[in-house]
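A.B. asks: This is data.csv (CSV, C-alpha atoms).
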chain,number,residue,atom,x,y,z
A,1,MET,CA,179.7,88.9,204.3
A,2,ARG,CA,182.7,90.1,206.2
A,3,HIS,CA,186.0,88.1,205.8
A,4,GLN,CA,187.7,86.8,208.9
A,5,TYR,CA,191.3,87.5,207.8
A,6,ALA,CA,192.7,86.8,211.3
A,7,THR,CA,192.3,83.0,210.7
A,8,VAL,CA,193.8,83.0,207.2
A,9,PRO,CA,197.5,82.3,206.7
A,10,PRO,CA,199.4,85.3,205.1
A,11,LEU,CA,199.8,83.7,201.7
A,12,GLN,CA,196.2,82.6,201.5
A,13,LYS,CA,195.0,86.0,202.7
A,14,LYS,CA,196.9,87.6,199.8
A,15,TYR,CA,195.2,85.3,197.4
A,16,ILE,CA,191.8,86.1,198.7
A,17,LEU,CA,192.4,89.8,198.4
A,18,THR,CA,193.5,89.6,194.8
A,19,GLN,CA,190.5,87.4,193.9
A,20,ASN,CA,188.0,89.7,195.6
A,21,PRO,CA,185.8,91.1,192.7
A,22,PHE,CA,185.4,94.4,194.6
A,23,ASN,CA,189.2,94.8,194.7
A,24,ASN,CA,189.5,94.0,191.1
A,25,ASP,CA,186.8,96.6,190.3
A,26,ILE,CA,188.7,99.2,192.2
A,27,LEU,CA,192.0,98.3,190.4
A,28,GLY,CA,190.3,98.5,187.0
A,29,MET,CA,188.7,101.8,187.8
A,30,ASN,CA,191.9,103.2,189.2
A,31,GLU,CA,193.7,102.4,186.0
A,32,ALA,CA,190.9,104.0,183.9
A,33,LEU,CA,190.9,107.1,186.0
A,34,CYS,CA,194.7,107.4,185.9
A,35,SER,CA,194.5,107.1,182.1
A,36,ILE,CA,192.0,110.0,182.0
A,37,LEU,CA,194.1,112.0,184.5
A,38,SER,CA,197.3,111.7,182.5
A,39,GLY,CA,195.6,111.7,179.1
A,40,GLU,CA,194.9,115.4,179.3
A,41,ASP,CA,197.6,118.0,178.5
A,42,GLU,CA,196.8,119.9,181.7
A,43,TRP,CA,194.0,120.6,184.2
A,44,CYS,CA,193.4,124.3,184.7
A,45,PHE,CA,192.0,126.6,187.4
A,46,ASP,CA,192.9,129.4,185.1
A,47,THR,CA,194.3,128.7,181.6
A,48,GLU,CA,196.4,131.8,181.9
A,49,GLY,CA,198.7,130.3,184.5
A,50,ARG,CA,197.2,128.1,187.3
A,51,SER,CA,197.3,124.5,186.4
A,52,ILE,CA,198.4,120.9,187.2
A,53,LYS,CA,199.7,118.3,184.9
A,54,PHE,CA,200.0,114.5,185.3
A,55,ASN,CA,202.2,112.5,183.0
A,56,LYS,CA,201.8,108.8,182.4
A,57,ASP,CA,205.3,108.1,183.9
A,58,GLY,CA,204.3,109.4,187.3
A,59,THR,CA,205.8,112.8,186.9
A,60,GLY,CA,204.0,116.1,186.4
A,61,GLU,CA,204.0,119.9,186.9
A,62,LEU,CA,202.3,122.4,189.1
A,63,TRP,CA,202.0,126.0,187.9
A,64,CYS,CA,200.9,129.1,189.7
A,65,ARG,CA,201.1,132.4,187.8
A,66,CYS,CA,198.9,135.3,188.7
A,67,ASN,CA,199.1,139.0,187.5
A,68,PHE,CA,202.4,138.2,185.6
A,69,ASN,CA,204.0,136.9,188.8
A,70,TYR,CA,205.2,133.3,188.9
A,71,TRP,CA,204.8,131.8,192.4
A,72,ILE,CA,205.2,128.1,191.6
A,73,ALA,CA,206.6,126.3,188.5
A,74,ALA,CA,207.6,123.0,189.8
A,75,GLU,CA,207.9,119.4,188.8
A,76,LEU,CA,206.0,116.8,190.8
A,77,GLU,CA,205.8,113.1,191.3
A,78,TRP,CA,202.5,111.3,191.7
A,79,LYS,CA,200.9,107.8,192.1
A,80,SER,CA,197.5,106.4,192.7
A,81,ILE,CA,196.4,104.9,196.1
A,82,GLU,CA,193.1,103.6,197.3
A,83,PRO,CA,191.0,106.3,198.8
A,84,VAL,CA,190.6,105.8,202.6
A,85,ASP,CA,186.8,106.5,202.4
A,86,CYS,CA,186.1,104.4,199.3
A,87,VAL,CA,183.5,102.0,200.7
A,88,GLU,CA,181.2,101.5,197.7
A,89,PRO,CA,181.9,99.4,194.6
A,90,PRO,CA,182.9,101.8,191.8
A,91,GLY,CA,180.2,100.5,189.5
A,92,GLN,CA,177.5,101.6,192.0
A,93,ILE,CA,179.0,105.1,192.2
A,94,VAL,CA,178.9,105.5,188.4
A,95,GLU,CA,175.4,104.1,188.3
A,96,ILE,CA,174.1,106.7,190.8
A,97,ALA,CA,175.7,109.5,188.8
A,98,SER,CA,174.3,108.3,185.5
A,99,ALA,CA,170.7,108.8,186.8
A,100,THR,CA,171.2,112.5,187.2
A,101,GLN,CA,173.7,113.3,184.4
A,102,ASN,CA,171.3,115.6,182.6
A,103,LYS,CA,171.0,117.9,185.7
A,104,SER,CA,174.5,117.6,187.2
A,105,PRO,CA,178.0,116.3,186.3
A,106,HIS,CA,178.5,112.7,185.5
A,107,LEU,CA,180.8,111.1,188.1
A,108,LEU,CA,183.5,109.1,186.3
A,109,GLY,CA,185.0,107.9,189.6
A,110,GLN,CA,187.0,108.7,192.7
A,111,LEU,CA,190.7,108.1,193.2
A,112,GLY,CA,193.3,108.5,195.9
A,113,LEU,CA,196.6,110.2,195.0
A,114,GLU,CA,200.0,110.8,196.6
A,115,ILE,CA,201.7,113.9,195.3
A,116,THR,CA,205.2,115.1,196.1
A,117,LEU,CA,206.1,118.6,194.9
A,118,ALA,CA,209.7,119.1,193.8
A,119,LYS,CA,211.8,122.2,194.1
A,120,ARG,CA,213.2,122.0,190.6
A,121,LEU,CA,211.7,123.9,187.6
A,122,PRO,CA,210.1,121.9,184.8
A,123,ARG,CA,212.8,120.9,182.4
A,124,ARG,CA,211.5,123.0,179.5
A,125,VAL,CA,211.9,126.2,181.5
A,126,GLN,CA,215.1,125.4,183.5
A,127,THR,CA,217.2,127.8,181.3
A,128,SER,CA,214.5,130.5,181.1
A,129,ASP,CA,214.2,133.7,183.1
A,130,LEU,CA,212.3,131.8,185.7
A,131,SER,CA,215.6,130.3,186.9
A,132,LYS,CA,216.5,133.9,188.0
A,133,SER,CA,213.4,134.4,190.0
A,134,THR,CA,213.8,135.3,193.7
A,135,MET,CA,210.4,134.1,194.9
A,136,ILE,CA,209.6,130.9,193.0
A,137,ASN,CA,209.2,127.4,194.4
A,138,GLU,CA,211.5,126.9,197.5
A,139,LEU,CA,212.3,130.6,197.6
A,140,GLY,CA,208.7,131.3,198.4
A,141,LEU,CA,207.7,128.1,200.1
A,142,THR,CA,208.8,126.3,203.3
A,143,ASP,CA,210.2,122.8,203.3
A,144,ASP,CA,206.8,121.4,204.4
A,145,ALA,CA,205.4,122.3,201.0
A,146,PHE,CA,207.7,119.6,199.4
A,147,ARG,CA,206.7,116.7,201.6
A,148,ARG,CA,204.6,113.9,200.2
A,149,LYS,CA,200.8,114.5,200.7
A,150,SER,CA,197.7,112.4,200.1
A,151,TYR,CA,194.6,113.5,198.3
A,152,THR,CA,191.2,112.2,197.3
A,153,ILE,CA,190.1,113.3,193.9
A,154,ARG,CA,187.1,112.8,191.7
A,155,ILE,CA,186.8,113.2,187.9
A,156,GLU,CA,183.5,114.3,186.4
A,157,LYS,CA,182.2,114.8,182.9
A,158,GLY,CA,179.8,117.6,182.0
A,159,ASN,CA,179.7,121.3,181.0
A,160,PHE,CA,182.2,123.4,182.9
A,161,THR,CA,183.8,126.8,182.9
A,162,GLU,CA,187.2,127.7,184.3
A,163,PRO,CA,186.9,127.9,188.1
A,164,CYS,CA,188.4,131.4,188.0
A,165,TYR,CA,185.3,132.6,186.1
A,166,ILE,CA,182.7,131.2,188.4
A,167,GLY,CA,180.2,133.9,189.2
A,168,SER,CA,181.8,136.3,186.7
A,169,SER,CA,179.9,138.3,184.1
A,170,SER,CA,182.8,138.0,181.6
A,171,SER,CA,181.8,137.1,178.1
A,172,HIS,CA,185.0,135.2,177.5
A,173,ARG,CA,184.3,131.9,179.2
A,174,PRO,CA,185.5,128.8,177.4
A,175,ARG,CA,183.7,125.5,178.2
A,176,PHE,CA,185.4,122.3,179.2
A,177,ALA,CA,184.0,118.7,179.3
A,178,LEU,CA,186.0,117.4,182.3
A,179,ARG,CA,186.4,118.5,185.8
A,180,LEU,CA,188.9,117.4,188.4
A,181,VAL,CA,188.0,118.1,192.1
A,182,PHE,CA,190.4,117.7,195.0
A,183,ASP,CA,189.4,117.2,198.7
A,184,LYS,CA,192.1,119.8,199.5
A,185,SER,CA,194.0,122.1,197.2
A,186,PRO,CA,197.2,120.7,195.5
A,187,TYR,CA,198.7,124.2,196.2
A,188,PRO,CA,200.5,124.5,199.6
A,189,PRO,CA,198.4,125.9,202.4
A,190,ARG,CA,199.0,129.4,203.7
A,191,SER,CA,201.2,128.1,206.5
A,192,GLU,CA,203.7,126.7,204.0
A,193,TRP,CA,204.4,130.1,202.3
A,194,ARG,CA,207.3,132.1,203.6
A,195,LYS,CA,205.7,135.5,203.0
A,196,PRO,CA,202.0,134.9,202.2
A,197,ASP,CA,201.1,138.6,202.6
A,198,GLY,CA,200.5,140.3,199.3
A,199,GLY,CA,200.2,138.1,196.2
A,200,PRO,CA,199.5,134.7,197.8
A,201,ASP,CA,196.9,136.2,200.1
A,202,GLY,CA,195.4,138.0,197.2
A,203,GLY,CA,195.2,134.9,195.1
A,204,GLN,CA,194.1,132.5,197.9
A,205,PHE,CA,195.8,129.7,195.9
A,206,TRP,CA,195.3,127.2,198.7
A,207,ASP,CA,191.5,127.4,198.1
A,208,HIS,CA,191.9,126.2,194.5
A,209,LYS,CA,190.4,122.7,194.6
A,210,GLU,CA,188.7,122.5,191.2
A,211,PHE,CA,190.4,122.2,187.7
A,212,VAL,CA,189.0,121.6,184.2
A,213,SER,CA,190.2,120.1,181.0
A,214,ARG,CA,189.2,119.2,177.4
A,215,ASN,CA,188.2,122.5,175.8
A,216,SER,CA,184.8,121.9,174.2
A,217,PRO,CA,183.3,125.1,172.5
A,218,GLU,CA,180.1,123.2,171.5
A,219,LEU,CA,179.1,123.0,175.2
A,220,GLU,CA,178.3,126.8,175.2
A,221,LYS,CA,175.0,125.9,173.3
A,222,GLN,CA,173.9,123.9,176.4
A,223,GLY,CA,173.4,127.0,178.6
A,224,ARG,CA,175.0,127.8,181.9
A,225,ALA,CA,178.0,125.7,183.0
A,226,MET,CA,177.3,123.2,185.7
A,227,ASN,CA,179.9,124.6,188.0
A,228,ASP,CA,178.8,128.3,187.5
A,229,ILE,CA,176.7,130.5,189.7
A,230,PRO,CA,174.8,133.7,188.6
A,231,PRO,CA,176.9,136.9,189.1
A,232,ALA,CA,175.8,138.9,192.1
A,233,GLY,CA,173.8,142.0,191.2
A,234,TRP,CA,170.8,144.2,192.0
A,235,ASN,CA,168.4,141.3,191.4
A,236,THR,CA,170.1,139.1,193.9
A,237,CYS,CA,168.5,138.8,197.3
A,238,ALA,CA,169.3,136.9,200.4
A,239,VAL,CA,166.9,135.5,203.0
A,240,SER,CA,168.1,134.9,206.5
Would you give me this structure, written as structure tokens?
C.D. replies:
Amino acid sequence: MRHQYATVPPLQKKYILTQNPFNNDILGMNEALCSILSGEDEWCFDTEGRSIKFNKDGTGELWCRCNFNYWIAAELEWKSIEPVDCVEPPGQIVEIASATQNKSPHLLGQLGLEITLAKRLPRRVQTSDLSKSTMINELGLTDDAFRRKSYTIRIEKGNFTEPCYIGSSSSHRPRFALRLVFDKSPYPPRSEWRKPDGGPDGGQFWDHKEFVSRNSPELEKQGRAMNDIPPAGWNTCAVS
């Protein structure tokens, strides 16, 4: 049944919203997902240097290192918001995912985030050689990269490999139990890089939307990772 809020006085409207079971479910799920998000030490696209971190106090870090070059090492601020397209009760979303958890990742939930990238280095490296870099953070990014941005994320449980290894034949492929998927990359788009030619274009960082966490070696016994695809080779064929 649709509520006719136009006929409800402001104070009463606020009361109805807070008592709505659907809104309470969303609030509870948001808190649970934020706890998972900030409970992990970091979420990695590549454990060698491309990661994002969320602290419980609303701060965090974004790192982008590739081929020994540091492009981003920045603090960030974040907070949860209700996703614009969240139209189903969270319990229903999880129930649907549970039915197929043996074949695909188990959806823990969806969450809206606001993230603001800062120009300053993380405190633990502010006195390191990174402070002398000529291309890190605001030296390589435009001011637009540091504006507040909204994202929709989902957190999944399953058997995952580092996204940088998807489709690779490498034998060194650690497994992770959690995956974080953004609707758009937390890395600035190409238009917000001062000189994208070269390293940024080579790394295509703005396409990184998937990150993993919770290293779980025992998952290797369960076969191919859920987010992996077979490496291309002579036995691969395409039908058009």
A.B. asks: List as a tab-separated table (two decimals) with C-alpha atoms, keeping the file's coordinate frame: which residues have an atom within 12 Å of (173.2, 125.2, 178.3), counting all atoms listed in the file?
C.D. replies:
chain	number	residue	atom	x	y	z
A	102	ASN	CA	171.30	115.60	182.60
A	103	LYS	CA	171.00	117.90	185.70
A	104	SER	CA	174.50	117.60	187.20
A	158	GLY	CA	179.80	117.60	182.00
A	159	ASN	CA	179.70	121.30	181.00
A	160	PHE	CA	182.20	123.40	182.90
A	161	THR	CA	183.80	126.80	182.90
A	175	ARG	CA	183.70	125.50	178.20
A	217	PRO	CA	183.30	125.10	172.50
A	218	GLU	CA	180.10	123.20	171.50
A	219	LEU	CA	179.10	123.00	175.20
A	220	GLU	CA	178.30	126.80	175.20
A	221	LYS	CA	175.00	125.90	173.30
A	222	GLN	CA	173.90	123.90	176.40
A	223	GLY	CA	173.40	127.00	178.60
A	224	ARG	CA	175.00	127.80	181.90
A	225	ALA	CA	178.00	125.70	183.00
A	226	MET	CA	177.30	123.20	185.70
A	227	ASN	CA	179.90	124.60	188.00
A	228	ASP	CA	178.80	128.30	187.50
A.B. asks: May I ask for the distance between CA of Glu31 in chain A and CA of Arg214 in chain A, given in Å to one decimal place?
C.D. replies: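 So the answer is 19.4 Å.
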A.B. asks: Go through A:Arg124, A:Arg148, A:Ile72, A:Ile155 one by one, measure the shortest atom-to-atom distance of each to Ser35 in chain A using all atoms listed in the file, and give the residue with the smallest value.
C.D. replies: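 Answer, going by the shortest atom-to-atom distance: A:Ile155.
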A.B. asks: Please indicate the distance in Å from CA of Ser169 in chain A to CA of His106 in chain A, rounded to one decimal place.
C.D. replies: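 Distance between the two atoms: 25.7 Å.
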A.B. asks: Which of these residues is nearest to Gln204 in chain A, using only C-alpha atoms: A:Ile36, A:Gln126, A:Glu82, A:Arg50?
C.D. replies: A:Arg50
A.B. asks: Given only C-alpha atoms as the basis, pick out the residue of A:Gly28, A:Pro188, A:Gly203, A:Gly198 nearest to Ala145 in chain A.
C.D. replies: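 The closest residue to Ala145 in chain A is A:Pro188.
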A.B. asks: Applying 8 Å and only C-alpha atoms, which residues near His208 in chain A remain after dropping the ones on its own chain fewer than 6 positions away? List them as a CSV table (one decimal) with C-alpha atoms, keeping the file's coordinate frame.
C.D. replies:
chain,number,residue,atom,x,y,z
A,45,PHE,CA,192.0,126.6,187.4
A,185,SER,CA,194.0,122.1,197.2
A,186,PRO,CA,197.2,120.7,195.5
A,187,TYR,CA,198.7,124.2,196.2
A.B. asks: Using all atoms listed in the file, determine which residues lie at most 12 Å from Pro196 in chain A, disregarding the query and same-chain residues fewer than 4 positions distant; provide the list as a list of chain:residue names.
C.D. replies: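 Those residues are A:Trp71, A:Met135, A:Gly140, A:Leu141, A:Thr142, A:Pro188, A:Pro189, A:Arg190, A:Ser191, A:Glu192, A:Pro200, A:Asp201, A:Gly202, A:Gly203, A:Gln204, A:Phe205, A:Trp206.
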A.B. asks: For a quick check of understanding, using only C-alpha atoms, which of A:Pro230, A:Gly112, A:Gly58, A:Gly49 has the smallest distance to Ala73 in chain A?
C.D. replies: A:Gly49
A.B. asks: Let me make sure I understand: among A:Lys157, A:Arg194, A:Lys79, A:Arg123, which one has the smallest atom-to-atom distance to Phe176 in chain A if we use all atoms listed in the file?
C.D. replies: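 Smallest separation from Phe176 in chain A among the options: A:Lys157.
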